[in-house]
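Just coords_14.txt here, compact mmCIF, C-alpha atoms and all ligand atoms:
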# COMPACT_ATOMS: atom_id res chain seq x y z
CA MET M 926 78.32 78.38 139.54
CA SER M 927 78.80 79.55 135.98
CA HIS M 928 75.94 79.10 133.55
CA VAL M 929 78.34 79.19 130.61
CA MET M 930 78.79 75.72 129.12
CA HIS M 931 82.09 74.20 130.13
CA THR M 932 83.66 73.78 126.66
CA TYR M 933 86.92 75.59 127.53
CA LYS M 934 89.44 75.08 130.31
CA ARG M 935 89.79 78.81 130.84
CA LEU M 936 92.77 80.48 132.46
CA PRO M 937 91.90 82.30 135.71
CA VAL M 938 92.12 85.85 134.39
CA THR M 939 89.57 88.41 133.17
CA PHE M 940 90.80 91.16 130.91
CA GLU M 941 89.11 94.49 131.18
CA ARG M 942 90.87 96.73 128.71
CA GLY M 943 93.37 96.60 125.88
CA GLU M 944 95.66 98.97 124.04
CA GLY M 945 98.09 98.00 121.28
CA CYS M 946 99.97 94.85 122.33
CA TRP M 947 98.84 95.17 125.96
CA LEU M 948 95.92 93.94 128.05
CA TRP M 949 94.96 94.84 131.62
CA ASP M 950 93.09 92.52 133.99
CA LYS M 951 90.50 93.50 136.58
CA GLN M 952 93.20 93.97 139.23
CA GLY M 953 95.07 96.38 136.96
CA LYS M 954 97.92 93.95 136.15
CA ARG M 955 99.38 94.46 132.67
CA TYR M 956 100.04 91.62 130.17
CA LEU M 957 102.05 91.59 126.96
CA ASP M 958 99.87 89.89 124.34
CA ALA M 959 101.88 87.57 122.07
CA LEU M 960 98.76 85.69 120.93
CA ALA M 961 96.43 88.47 119.70
CA GLY M 962 93.22 86.63 120.56
CA ILE M 963 94.49 83.66 118.47
CA ALA M 964 95.64 85.61 115.40
CA VAL M 965 92.55 87.84 115.43
CA CYS M 966 93.73 91.22 116.74
CA GLY M 967 96.38 91.93 114.10
CA VAL M 968 96.11 95.71 114.43
CA GLY M 969 96.33 95.40 118.21
CA HIS M 970 93.70 96.13 120.81
CA SER M 971 91.45 99.18 120.52
CA HIS M 972 93.18 100.68 117.48
CA PRO M 973 91.74 104.25 117.31
CA ARG M 974 90.88 104.01 113.60
CA LEU M 975 89.11 100.70 114.13
CA VAL M 976 87.22 102.00 117.17
CA LYS M 977 86.09 105.07 115.22
CA THR M 978 84.92 103.01 112.22
CA ILE M 979 83.03 100.48 114.34
CA SER M 980 81.38 103.22 116.43
CA GLU M 981 80.32 105.23 113.40
CA GLN M 982 79.01 102.16 111.55
CA ALA M 983 77.09 101.01 114.63
CA ALA M 984 75.50 104.45 114.91
CA GLN M 985 74.54 104.35 111.22
CA LEU M 986 73.49 100.73 110.52
CA VAL M 987 74.43 97.32 111.97
CA HIS M 988 72.39 94.71 110.11
CA THR M 989 69.82 94.37 107.38
CA SER M 990 70.21 90.71 106.17
CA ASN M 991 71.27 89.43 102.76
CA LEU M 992 67.76 89.90 101.38
CA TYR M 993 68.97 93.38 100.41
CA GLU M 994 72.03 94.89 98.78
CA ILE M 995 74.77 95.82 101.24
CA GLU M 996 77.16 98.56 100.15
CA ARG M 997 79.88 97.75 102.72
CA GLN M 998 79.83 94.08 101.63
CA GLU M 999 80.31 95.10 97.99
CA GLN M 1000 83.21 97.34 99.00
CA LEU M 1001 84.85 94.57 101.03
CA GLY M 1002 84.35 92.10 98.17
CA ASP M 1003 86.09 94.54 95.80
CA ARG M 1004 88.94 95.07 98.25
CA LEU M 1005 89.49 91.34 98.92
CA ALA M 1006 89.36 90.54 95.19
CA ALA M 1007 91.94 93.28 94.53
CA ILE M 1008 94.45 92.09 97.13
CA SER M 1009 94.01 88.34 96.43
CA GLY M 1010 93.37 88.13 92.70
CA MET M 1011 90.37 85.91 93.47
CA ASP M 1012 87.06 86.47 91.62
CA GLU M 1013 84.24 86.32 94.15
CA VAL M 1014 83.54 86.00 97.87
CA PHE M 1015 80.82 84.58 100.12
CA PHE M 1016 80.67 86.12 103.61
CA CYS M 1017 79.87 84.18 106.77
CA ASN M 1018 80.81 84.55 110.43
CA SER M 1019 83.70 82.26 111.32
CA GLY M 1020 86.48 80.04 110.03
CA CYS M 1021 84.56 76.78 110.23
CA GLU M 1022 81.68 78.34 108.32
CA ALA M 1023 84.07 79.55 105.63
CA ASN M 1024 85.39 75.98 105.32
CA GLU M 1025 81.84 74.59 105.27
CA ALA M 1026 81.22 76.85 102.27
CA ALA M 1027 84.43 75.59 100.60
CA ILE M 1028 83.42 71.95 101.19
CA LYS M 1029 79.99 72.65 99.70
CA VAL M 1030 81.57 74.34 96.66
CA ALA M 1031 83.80 71.28 96.13
CA ARG M 1032 80.90 68.83 96.40
CA LEU M 1033 78.68 70.83 94.08
CA TYR M 1034 81.57 71.15 91.63
CA GLY M 1035 81.99 67.36 91.75
CA HIS M 1036 78.31 66.70 91.16
CA GLY M 1037 78.54 69.08 88.19
CA LYS M 1038 81.17 66.74 86.76
CA GLY M 1039 78.92 63.71 87.28
CA ILE M 1040 80.67 62.44 90.42
CA ASP M 1041 77.96 61.26 92.85
CA THR M 1042 80.19 60.71 95.91
CA PRO M 1043 82.82 63.47 95.65
CA ALA M 1044 85.83 63.28 97.97
CA ILE M 1045 88.23 65.95 99.24
CA ILE M 1046 91.87 65.29 100.10
CA VAL M 1047 92.79 66.63 103.57
CA LEU M 1048 96.00 66.49 105.58
CA GLU M 1049 97.23 64.89 108.77
CA LYS M 1050 97.35 67.35 111.70
CA ALA M 1051 95.09 69.77 109.80
CA PHE M 1052 92.60 71.95 111.66
CA HIS M 1053 89.53 73.21 109.83
CA GLY M 1054 86.98 73.80 112.60
CA ARG M 1055 84.49 72.23 114.99
CA THR M 1056 81.30 71.79 112.95
CA ILE M 1057 80.53 68.21 111.97
CA ALA M 1058 81.89 68.54 108.43
CA THR M 1059 84.96 70.57 109.39
CA LEU M 1060 85.88 68.33 112.32
CA SER M 1061 85.65 65.42 109.90
CA ALA M 1062 88.13 67.26 107.66
CA THR M 1063 90.35 68.01 110.67
CA GLY M 1064 93.28 65.63 111.21
CA SER M 1065 93.03 65.28 114.97
CA ARG M 1066 91.36 62.40 116.80
CA LYS M 1067 90.98 64.64 119.88
CA VAL M 1068 88.70 66.95 117.90
CA GLN M 1069 86.71 64.07 116.36
CA ALA M 1070 86.38 61.60 119.24
CA GLY M 1071 82.81 61.13 120.42
CA PHE M 1072 81.22 62.83 117.44
CA GLU M 1073 81.07 59.85 115.11
CA PRO M 1074 79.67 59.12 112.62
CA LEU M 1075 82.01 61.50 110.83
CA VAL M 1076 81.03 63.06 107.54
CA PRO M 1077 82.30 60.83 104.71
CA GLY M 1078 84.07 62.11 101.63
CA PHE M 1079 87.51 62.99 103.02
CA VAL M 1080 90.75 61.20 102.09
CA ARG M 1081 93.72 61.87 104.38
CA VAL M 1082 97.38 62.19 103.36
CA PRO M 1083 100.53 63.26 105.26
CA PHE M 1084 101.42 66.99 105.40
CA ASP M 1085 103.76 68.39 102.75
CA ASP M 1086 103.91 65.12 100.79
CA LEU M 1087 103.22 65.49 97.06
CA ALA M 1088 103.87 61.82 96.33
CA ALA M 1089 101.01 60.86 98.67
CA VAL M 1090 98.65 63.22 96.80
CA ARG M 1091 99.76 61.81 93.44
CA LYS M 1092 99.10 58.30 94.69
CA VAL M 1093 95.51 59.23 95.63
CA ALA M 1094 95.12 60.83 92.19
CA SER M 1095 95.95 57.57 90.46
CA ASN M 1096 93.75 55.41 92.72
CA ASN M 1097 90.67 57.44 93.62
CA HIS M 1098 88.49 58.81 90.84
CA ASN M 1099 86.01 60.46 93.20
CA VAL M 1100 88.43 63.15 94.34
CA VAL M 1101 87.34 66.67 93.37
CA ALA M 1102 89.50 68.93 95.57
CA VAL M 1103 92.41 69.30 97.99
CA LEU M 1104 91.95 71.33 101.20
CA VAL M 1105 95.21 72.52 102.76
CA GLU M 1106 96.68 74.89 105.34
CA LEU M 1107 100.05 75.94 103.90
CA ILE M 1108 101.15 76.65 107.46
CA GLN M 1109 99.36 74.46 109.98
CA GLY M 1110 98.46 76.63 112.98
CA GLU M 1111 96.77 74.37 115.52
CA GLY M 1112 98.85 71.47 114.20
CA GLY M 1113 102.04 73.10 115.54
CA ILE M 1114 103.21 75.82 113.08
CA ASN M 1115 104.15 73.24 110.44
CA ILE M 1116 105.45 75.05 107.37
CA CYS M 1117 105.28 73.36 103.95
CA HIS M 1118 108.19 73.43 101.51
CA ASP M 1119 108.40 76.24 98.95
CA ASP M 1120 107.55 73.97 96.01
CA TYR M 1121 104.61 72.20 97.71
CA LEU M 1122 101.95 74.64 96.50
CA GLN M 1123 103.30 74.63 92.94
CA GLY M 1124 103.19 70.81 93.02
CA LEU M 1125 99.60 70.81 94.33
CA ARG M 1126 98.60 73.27 91.60
CA GLU M 1127 100.00 70.97 88.93
CA ILE M 1128 98.27 67.88 90.35
CA CYS M 1129 94.96 69.76 90.66
CA ASP M 1130 95.19 71.07 87.11
CA ALA M 1131 96.10 67.66 85.70
CA ASN M 1132 93.08 66.08 87.43
CA GLY M 1133 90.53 68.90 87.25
CA TRP M 1134 90.47 69.29 91.06
CA LEU M 1135 89.92 72.44 93.06
CA LEU M 1136 92.94 73.70 95.01
CA MET M 1137 91.43 74.97 98.27
CA LEU M 1138 93.52 76.81 100.86
CA ASP M 1139 92.46 77.33 104.46
CA GLU M 1140 94.01 80.72 105.24
CA VAL M 1141 91.82 81.32 108.29
CA GLN M 1142 94.93 81.68 110.49
CA SER M 1143 97.67 82.46 107.93
CA GLY M 1144 95.77 85.13 105.99
CA ILE M 1145 95.44 88.92 106.40
CA GLY M 1146 99.10 89.86 106.58
CA ARG M 1147 100.25 87.49 109.30
CA THR M 1148 102.99 85.76 107.27
CA GLY M 1149 104.24 88.98 105.67
CA LYS M 1150 101.95 88.86 102.63
CA TRP M 1151 98.20 89.37 102.55
CA PHE M 1152 97.87 85.60 102.08
CA ALA M 1153 100.37 82.79 102.63
CA PHE M 1154 99.88 81.52 99.06
CA GLN M 1155 101.37 84.80 97.77
CA HIS M 1156 104.86 83.69 98.84
CA SER M 1157 104.72 81.38 95.82
CA GLY M 1158 103.61 82.30 92.33
CA VAL M 1159 100.55 80.08 92.54
CA LYS M 1160 96.87 80.95 92.99
CA PRO M 1161 94.22 78.68 94.57
CA ASP M 1162 90.69 78.08 93.28
CA VAL M 1163 89.16 78.47 96.75
CA MET M 1164 90.49 80.30 99.80
CA THR M 1165 88.92 80.65 103.24
CA LEU M 1166 89.49 83.52 105.68
CA ALA M 1167 88.29 84.55 109.12
CA LYS M 1168 90.46 85.19 112.20
CA GLY M 1169 92.36 88.41 111.39
CA LEU M 1170 89.89 89.78 108.86
CA ALA M 1171 87.82 92.12 111.04
CA SER M 1172 89.91 92.40 114.22
CA GLY M 1173 87.40 90.52 116.38
CA VAL M 1174 84.06 91.46 114.89
CA PRO M 1175 82.91 88.00 113.75
CA ILE M 1176 83.36 87.40 110.03
CA GLY M 1177 84.40 84.61 107.69
CA ALA M 1178 84.93 84.56 103.94
CA CYS M 1179 85.08 81.90 101.24
CA MET M 1180 86.70 83.22 98.06
CA VAL M 1181 86.60 81.52 94.67
CA SER M 1182 88.51 81.86 91.44
CA GLY M 1183 88.96 80.07 88.12
CA ARG M 1184 87.00 76.83 87.87
CA ALA M 1185 85.36 77.38 91.28
CA THR M 1186 83.77 80.65 90.13
CA GLY M 1187 80.03 80.42 89.51
CA VAL M 1188 79.60 77.00 91.14
CA PHE M 1189 77.22 78.37 93.79
CA LYS M 1190 73.94 79.53 92.28
CA PRO M 1191 71.17 81.48 94.07
CA GLY M 1192 69.74 79.22 96.78
CA ASN M 1193 72.83 77.01 97.17
CA HIS M 1194 74.16 78.73 100.27
CA GLY M 1195 73.32 81.47 102.72
CA SER M 1196 73.87 83.17 106.07
CA THR M 1197 71.66 85.47 108.13
CA PHE M 1198 74.46 87.55 109.63
CA GLY M 1199 77.16 86.98 107.01
CA GLY M 1200 78.74 90.16 105.65
CA ASN M 1201 76.61 92.60 107.58
CA PRO M 1202 77.54 96.30 107.49
CA LEU M 1203 79.23 96.29 110.92
CA ALA M 1204 81.49 93.30 110.21
CA CYS M 1205 82.37 94.56 106.73
CA ALA M 1206 83.19 98.05 108.00
CA ALA M 1207 85.49 96.53 110.63
CA ALA M 1208 87.19 94.41 107.95
CA LEU M 1209 87.62 97.37 105.58
CA ALA M 1210 89.21 99.39 108.40
CA THR M 1211 91.47 96.46 109.35
CA LEU M 1212 92.75 96.09 105.78
CA SER M 1213 93.37 99.84 105.46
CA ILE M 1214 95.30 99.96 108.74
CA ILE M 1215 97.47 96.98 107.71
CA GLU M 1216 98.26 98.68 104.41
CA ASP M 1217 98.74 102.25 105.68
CA GLU M 1218 100.92 101.23 108.64
CA LYS M 1219 102.98 98.79 106.50
CA LEU M 1220 102.22 96.01 108.95
CA MET M 1221 103.14 93.17 106.56
CA ALA M 1222 106.72 94.42 106.34
CA ASN M 1223 106.66 94.76 110.13
CA ALA M 1224 105.42 91.17 110.48
CA VAL M 1225 108.42 89.96 108.48
CA ALA M 1226 110.91 92.07 110.48
CA ILE M 1227 109.50 91.25 113.92
CA GLY M 1228 109.07 87.58 113.00
CA GLU M 1229 112.76 87.37 112.08
CA PHE M 1230 113.72 89.33 115.20
CA ILE M 1231 111.81 86.97 117.51
CA ASN M 1232 113.05 83.86 115.71
CA SER M 1233 116.73 84.85 115.94
CA GLY M 1234 116.29 86.21 119.47
CA MET M 1235 114.72 82.95 120.66
CA ARG M 1236 117.45 80.96 118.93
CA ALA M 1237 120.09 82.95 120.77
CA ALA M 1238 118.23 82.67 124.10
CA LEU M 1239 117.73 78.92 123.77
CA ALA M 1240 120.86 77.97 121.83
CA SER M 1241 122.37 75.81 124.54
CA HIS M 1242 119.25 73.74 125.27
CA ALA M 1243 119.03 70.18 124.00
CA GLY M 1244 115.30 70.16 124.80
CA VAL M 1245 114.52 72.65 122.02
CA ARG M 1246 113.85 70.72 118.82
CA GLU M 1247 113.21 73.56 116.39
CA ILE M 1248 112.33 77.26 116.24
CA ARG M 1249 110.44 78.16 113.08
CA ASN M 1250 108.34 81.01 111.73
CA LYS M 1251 106.74 82.54 108.69
CA GLY M 1252 106.24 86.19 109.60
CA LEU M 1253 104.35 86.30 112.87
CA MET M 1254 103.31 82.64 112.94
CA ILE M 1255 106.01 81.41 115.29
CA GLY M 1256 106.55 77.94 116.75
CA ILE M 1257 109.10 76.79 119.33
CA GLU M 1258 109.04 73.00 119.42
CA LEU M 1259 110.30 71.30 122.60
CA ASP M 1260 110.93 67.61 123.09
CA ILE M 1261 108.51 67.38 126.03
CA GLU M 1262 104.85 68.23 126.64
CA CYS M 1263 104.80 71.87 127.76
CA SER M 1264 101.24 73.19 128.13
CA GLU M 1265 102.18 74.22 131.70
CA LEU M 1266 104.21 77.06 130.16
CA VAL M 1267 101.00 78.93 129.34
CA LYS M 1268 100.18 79.34 133.06
CA LEU M 1269 103.76 80.19 133.99
CA ALA M 1270 103.83 82.88 131.29
CA LEU M 1271 100.45 84.25 132.42
CA ALA M 1272 101.75 84.63 135.99
CA ASP M 1273 104.69 86.46 134.44
CA GLY M 1274 102.41 88.84 132.51
CA LEU M 1275 102.92 87.26 129.08
CA LEU M 1276 100.21 85.72 126.88
CA ILE M 1277 101.33 82.75 124.78
CA ASN M 1278 99.83 79.47 123.62
CA VAL M 1279 100.94 75.85 123.43
CA THR M 1280 99.57 73.67 120.64
CA ALA M 1281 100.14 70.07 119.49
CA ASP M 1282 101.27 69.31 123.09
CA ASN M 1283 104.88 70.48 122.71
CA VAL M 1284 104.92 73.58 120.48
CA VAL M 1285 104.95 77.05 122.03
CA ARG M 1286 102.94 79.12 119.56
CA LEU M 1287 103.24 82.88 119.22
CA LEU M 1288 100.80 84.88 117.07
CA PRO M 1289 101.64 88.46 118.09
CA PRO M 1290 99.73 91.52 116.84
CA LEU M 1291 101.16 92.68 113.50
CA ILE M 1292 101.84 96.07 115.12
CA MET M 1293 104.35 94.66 117.63
CA GLN M 1294 107.48 96.79 117.94
CA ARG M 1295 111.06 95.74 118.66
CA ALA M 1296 111.04 96.69 122.36
CA GLU M 1297 107.95 94.55 122.94
CA ALA M 1298 109.38 91.70 120.86
CA GLN M 1299 112.58 91.88 122.92
CA GLN M 1300 110.48 91.58 126.08
CA VAL M 1301 108.79 88.45 124.66
CA ILE M 1302 112.23 86.96 123.90
CA THR M 1303 113.64 87.77 127.34
CA GLN M 1304 110.62 86.55 129.32
CA LEU M 1305 109.91 83.47 127.22
CA GLY M 1306 113.59 82.55 126.98
CA ALA M 1307 113.85 82.53 130.78
CA LEU M 1308 110.55 80.64 131.21
CA ILE M 1309 111.48 77.90 128.72
CA THR M 1310 114.99 77.59 130.19
CA ALA M 1311 113.60 77.13 133.71
CA PHE M 1312 110.86 74.80 132.49
CA LEU M 1313 113.30 72.53 130.67
CA ALA M 1314 115.65 72.47 133.65
CA ALA M 1315 112.83 71.47 135.99
CA ASN M 1316 110.97 68.99 133.78
CA ARG M 1317 113.33 67.42 131.34
CA ILE M 1318 114.98 64.20 132.35
CA ALA M 1319 118.58 64.74 131.36
CA PRO M 1320 119.86 62.10 128.94
CA ALA M 1321 121.76 59.43 130.84
CA LYS M 1322 125.45 60.21 130.87
CA ALA M 1323 127.54 57.81 128.86
CA LYS M 1324 129.51 55.64 131.25
CA THR M 1325 133.21 56.17 131.02
CA ALA M 1326 134.65 53.02 132.47
C1 LIG M 1401 90.74 78.79 113.81
C2 LIG M 1401 90.76 78.03 112.54
C3 LIG M 1401 89.58 77.52 111.97
C4 LIG M 1401 88.24 77.60 112.65
O1 LIG M 1401 87.82 78.92 112.81
P1 LIG M 1401 86.56 79.24 113.78
O2 LIG M 1401 86.33 80.70 113.56
O3 LIG M 1401 87.00 78.92 115.17
O4 LIG M 1401 85.45 78.40 113.33
C5 LIG M 1401 89.69 76.88 110.75
N1 LIG M 1401 90.86 76.75 110.13
C6 LIG M 1401 92.01 77.23 110.65
C7 LIG M 1401 93.29 77.06 109.88
C8 LIG M 1401 92.01 77.87 111.88
O5 LIG M 1401 93.15 78.31 112.41
Could you render the structure as structure tokens?
Ligand SMILES: *Cc1c(COP(=O)(O)O)cnc(C)c1O
Amino acid sequence: MSHVMHTYKRLPVTFERGEGCWLWDKQGKRYLDALAGIAVCGVGHSHPRLVKTISEQAAQLVHTSNLYEIERQEQLGDRLAAISGMDEVFFCNSGCEANEAAIKVARLYGHGKGIDTPAIIVLEKAFHGRTIATLSATGSRKVQAGFEPLVPGFVRVPFDDLAAVRKVASNNHNVVAVLVELIQGEGGINICHDDYLQGLREICDANGWLLMLDEVQSGIGRTGKWFAFQHSGVKPDVMTLAKGLASGVPIGACMVSGRATGVFKPGNHGSTFGGNPLACAAALATLSIIEDEKLMANAVAIGEFINSGMRAALASHAGVREIRNKGLMIGIELDIECSELVKLALADGLLINVTADNVVRLLPPLIMQRAEAQQVITQLGALITAFLAANRIAPAKAKTA
């Protein structure tokens, strides 16, 4: 019997080795990876430059703690500030920790304004993590159930609805910030309208709130820009990062700008591991590879290719509600629950995910090439077609009497 706590319903496969978009299991069977370790392995598996950097850094120095200056952390801070336009960064080890830091910044900012019970606006279907504060911010009862009492201080509004945010602004004078995923990942690849961010910026500025973006899944090139907010001309006050930042070496980051800069003072926050030399070296290498190999342009091209290919493959199926993407965040929404597709794809040598019950989610490595993308389209198109035929109750035929 396994001594690992049973928190995941794991698929019955053990991967032993990876290269590019491919993984091999212990029996030597090959799998095409269209999930990239949940948006983590953007530069693919075992990228030679990444392997070299991690090996050399490990041989030189892994960890010293934040009691001392860390050159690699300074370098990564400079690099992230340069590509984001944000001012400063706090390093931690995961997405939920990055959001914890953002929530703490917002609360401290509120107290600085004399608000004793600061509140943060969060969205329906949002996912911000599994710690007590971040699961309270998350808009999913499944994630919260059994862990009450939830952390207070969150006000929930529908996704992509500026009127709802404005209504809170006029009624609730404890609000200090809005925390948003511009593209909801776990929530089902829900993509906000182009003018949503601009609208949020205006509301935040009019009310003195912090605009906080959770880019844990959408950041680091995945949508075709370094960060999803860069598709609009608007900058946030706080941004959180994690998944794709260091290609699988654990890291998280909470970046601040404008009125959020300087809120944390020495002693307000900390992390033992956060921003250690190994994680920062892996992140620096990841960012260089994405830039040098023009992977953001590739994410746009391959995202479009998969979207149009899946549309063509599934055009005739009434059970397909919508196919949508921003770069390589891709969702195929069916009109029935379809988590079974994950197992069928695995048997077929293809790694995919299903989220929000009925959305097939693809988060391929940013390095994916056309031939591999075509294989995803062909295999997944056939799997979804067969799945719908077998599981979907055909709409009753209109009686022609
Ligand atoms: C995955 C994810 C998180 C949580 O990250 P962990 O590293 O698992 O704590 C938070 N926000 C978003 C948008 C995510 O996709």
Using all atoms listed in the file, give me every residue within 12 Å of (91.8, 89.2, 130.7) in file coordinates, as a list in words. Arg935, Leu936, Pro937, Val938, Thr939, Phe940, Glu941, Arg942, Gly943, Trp947, Leu948, Trp949, Asp950, Lys951, Gln952, Gly953, Lys954, Arg955, Tyr956, Leu957, Asp958, Ala961, Gly962, Leu1271, Gly1274, Leu1275 and Leu1276 of chain M
Contacts with ligand LIG 1401 (chain M) at most 6 Å, all atoms listed in the file counted, listed as a list in words: Ser1019, Gly1020, Cys1021, Phe1052, His1053, Gly1054, Gly1110, Asp1139, Glu1140, Val1141 and Gln1142 of chain M
From M:Met1235, M:Val1284, M:Leu1259, M:Ala1315, residue lying nearest Gln1299 (chain M) [only C-alpha atoms]: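 Checking each of M:Met1235, M:Val1284, M:Leu1259, M:Ala1315 against Gln1299 (chain M), counting only C-alpha atoms, the winner is M:Met1235.
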Have a look at CA of Leu1075 (chain M) and CA of Ala1058 (chain M) and let me know their distance in Å, one decimal.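 Between these atoms lies a distance of 7.4 Å.
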Which distance in Å separates CA of Asn1232 (chain M) and CA of Asn1250 (chain M), to one decimal?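 Going from CA of Asn1232 (chain M) over to CA of Asn1250 (chain M) covers 6.8 Å.
Excluding Glu994 (chain M) itself and same-chain residues fewer than 6 positions from it, the residues having an atom within 12 Å of it are His988, Gln1000, Gly1200, Asn1201 and Pro1202 of chain M, counting only C-alpha atoms.
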Let me have the centre and edge lengths of the axis-aligned box enclosing all listed atoms of region 1237-1249 of chain M with 8 Å padding on every side, in Å to one decimal, as JSON.
{"center_x": 116.4, "center_y": 76.6, "center_z": 119.2, "size_x": 27.9, "size_y": 28.8, "size_z": 28.2}
What would region 1218-1234 of chain M look like with N, CA, C and O atoms in place, written as an mmCIF file, keeping the file's coordinate frame?
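Everything below was put into out-v7.cif:
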data_model
loop_
_atom_site.group_PDB
_atom_site.id
_atom_site.type_symbol
_atom_site.label_atom_id
_atom_site.label_comp_id
_atom_site.auth_asym_id
_atom_site.auth_seq_id
_atom_site.Cartn_x
_atom_site.Cartn_y
_atom_site.Cartn_z
ATOM 1 N N GLU M 1218 99.848 101.294 107.630
ATOM 2 C CA GLU M 1218 100.920 101.230 108.640
ATOM 3 C C GLU M 1218 102.014 100.239 108.260
ATOM 4 O O GLU M 1218 102.885 99.942 109.080
ATOM 5 N N LYS M 1219 101.947 99.734 107.015
ATOM 6 C CA LYS M 1219 102.980 98.790 106.500
ATOM 7 C C LYS M 1219 103.216 97.631 107.455
ATOM 8 O O LYS M 1219 104.355 97.284 107.787
ATOM 9 N N LEU M 1220 102.114 97.036 107.914
ATOM 10 C CA LEU M 1220 102.220 96.010 108.950
ATOM 11 C C LEU M 1220 102.720 94.669 108.416
ATOM 12 O O LEU M 1220 103.215 93.850 109.179
ATOM 13 N N MET M 1221 102.612 94.443 107.101
ATOM 14 C CA MET M 1221 103.140 93.170 106.560
ATOM 15 C C MET M 1221 104.657 93.171 106.597
ATOM 16 O O MET M 1221 105.274 92.177 106.980
ATOM 17 N N ALA M 1222 105.252 94.319 106.245
ATOM 18 C CA ALA M 1222 106.720 94.420 106.340
ATOM 19 C C ALA M 1222 107.135 94.284 107.807
ATOM 20 O O ALA M 1222 108.146 93.652 108.130
ATOM 21 N N ASN M 1223 106.348 94.868 108.698
ATOM 22 C CA ASN M 1223 106.660 94.760 110.130
ATOM 23 C C ASN M 1223 106.570 93.314 110.611
ATOM 24 O O ASN M 1223 107.400 92.866 111.407
ATOM 25 N N ALA M 1224 105.575 92.586 110.090
ATOM 26 C CA ALA M 1224 105.420 91.170 110.480
ATOM 27 C C ALA M 1224 106.658 90.369 110.096
ATOM 28 O O ALA M 1224 107.127 89.525 110.865
ATOM 29 N N VAL M 1225 107.208 90.656 108.913
ATOM 30 C CA VAL M 1225 108.420 89.960 108.480
ATOM 31 C C VAL M 1225 109.587 90.306 109.409
ATOM 32 O O VAL M 1225 110.290 89.423 109.922
ATOM 33 N N ALA M 1226 109.771 91.611 109.668
ATOM 34 C CA ALA M 1226 110.910 92.070 110.480
ATOM 35 C C ALA M 1226 110.823 91.544 111.915
ATOM 36 O O ALA M 1226 111.803 91.015 112.451
ATOM 37 N N ILE M 1227 109.646 91.674 112.516
ATOM 38 C CA ILE M 1227 109.500 91.250 113.920
ATOM 39 C C ILE M 1227 109.529 89.729 114.026
ATOM 40 O O ILE M 1227 110.062 89.171 114.988
ATOM 41 N N GLY M 1228 109.003 89.044 113.013
ATOM 42 C CA GLY M 1228 109.070 87.580 113.000
ATOM 43 C C GLY M 1228 110.508 87.092 112.996
ATOM 44 O O GLY M 1228 110.893 86.211 113.759
ATOM 45 N N GLU M 1229 111.331 87.717 112.143
ATOM 46 C CA GLU M 1229 112.760 87.370 112.080
ATOM 47 C C GLU M 1229 113.459 87.702 113.397
ATOM 48 O O GLU M 1229 114.291 86.929 113.897
ATOM 49 N N PHE M 1230 113.107 88.863 113.947
ATOM 50 C CA PHE M 1230 113.720 89.330 115.200
ATOM 51 C C PHE M 1230 113.429 88.348 116.336
ATOM 52 O O PHE M 1230 114.329 87.961 117.096
ATOM 53 N N ILE M 1231 112.170 87.913 116.433
ATOM 54 C CA ILE M 1231 111.810 86.970 117.510
ATOM 55 C C ILE M 1231 112.457 85.617 117.260
ATOM 56 O O ILE M 1231 112.998 84.995 118.185
ATOM 57 N N ASN M 1232 112.443 85.156 116.014
ATOM 58 C CA ASN M 1232 113.050 83.860 115.710
ATOM 59 C C ASN M 1232 114.534 83.859 116.101
ATOM 60 O O ASN M 1232 114.998 82.986 116.846
ATOM 61 N N SER M 1233 115.288 84.877 115.650
ATOM 62 C CA SER M 1233 116.730 84.850 115.940
ATOM 63 C C SER M 1233 116.987 85.121 117.420
ATOM 64 O O SER M 1233 117.904 84.540 118.008
ATOM 65 N N GLY M 1234 116.145 85.953 118.036
ATOM 66 C CA GLY M 1234 116.290 86.210 119.470
ATOM 67 C C GLY M 1234 116.045 84.952 120.302
ATOM 68 O O GLY M 1234 116.777 84.661 121.253
#
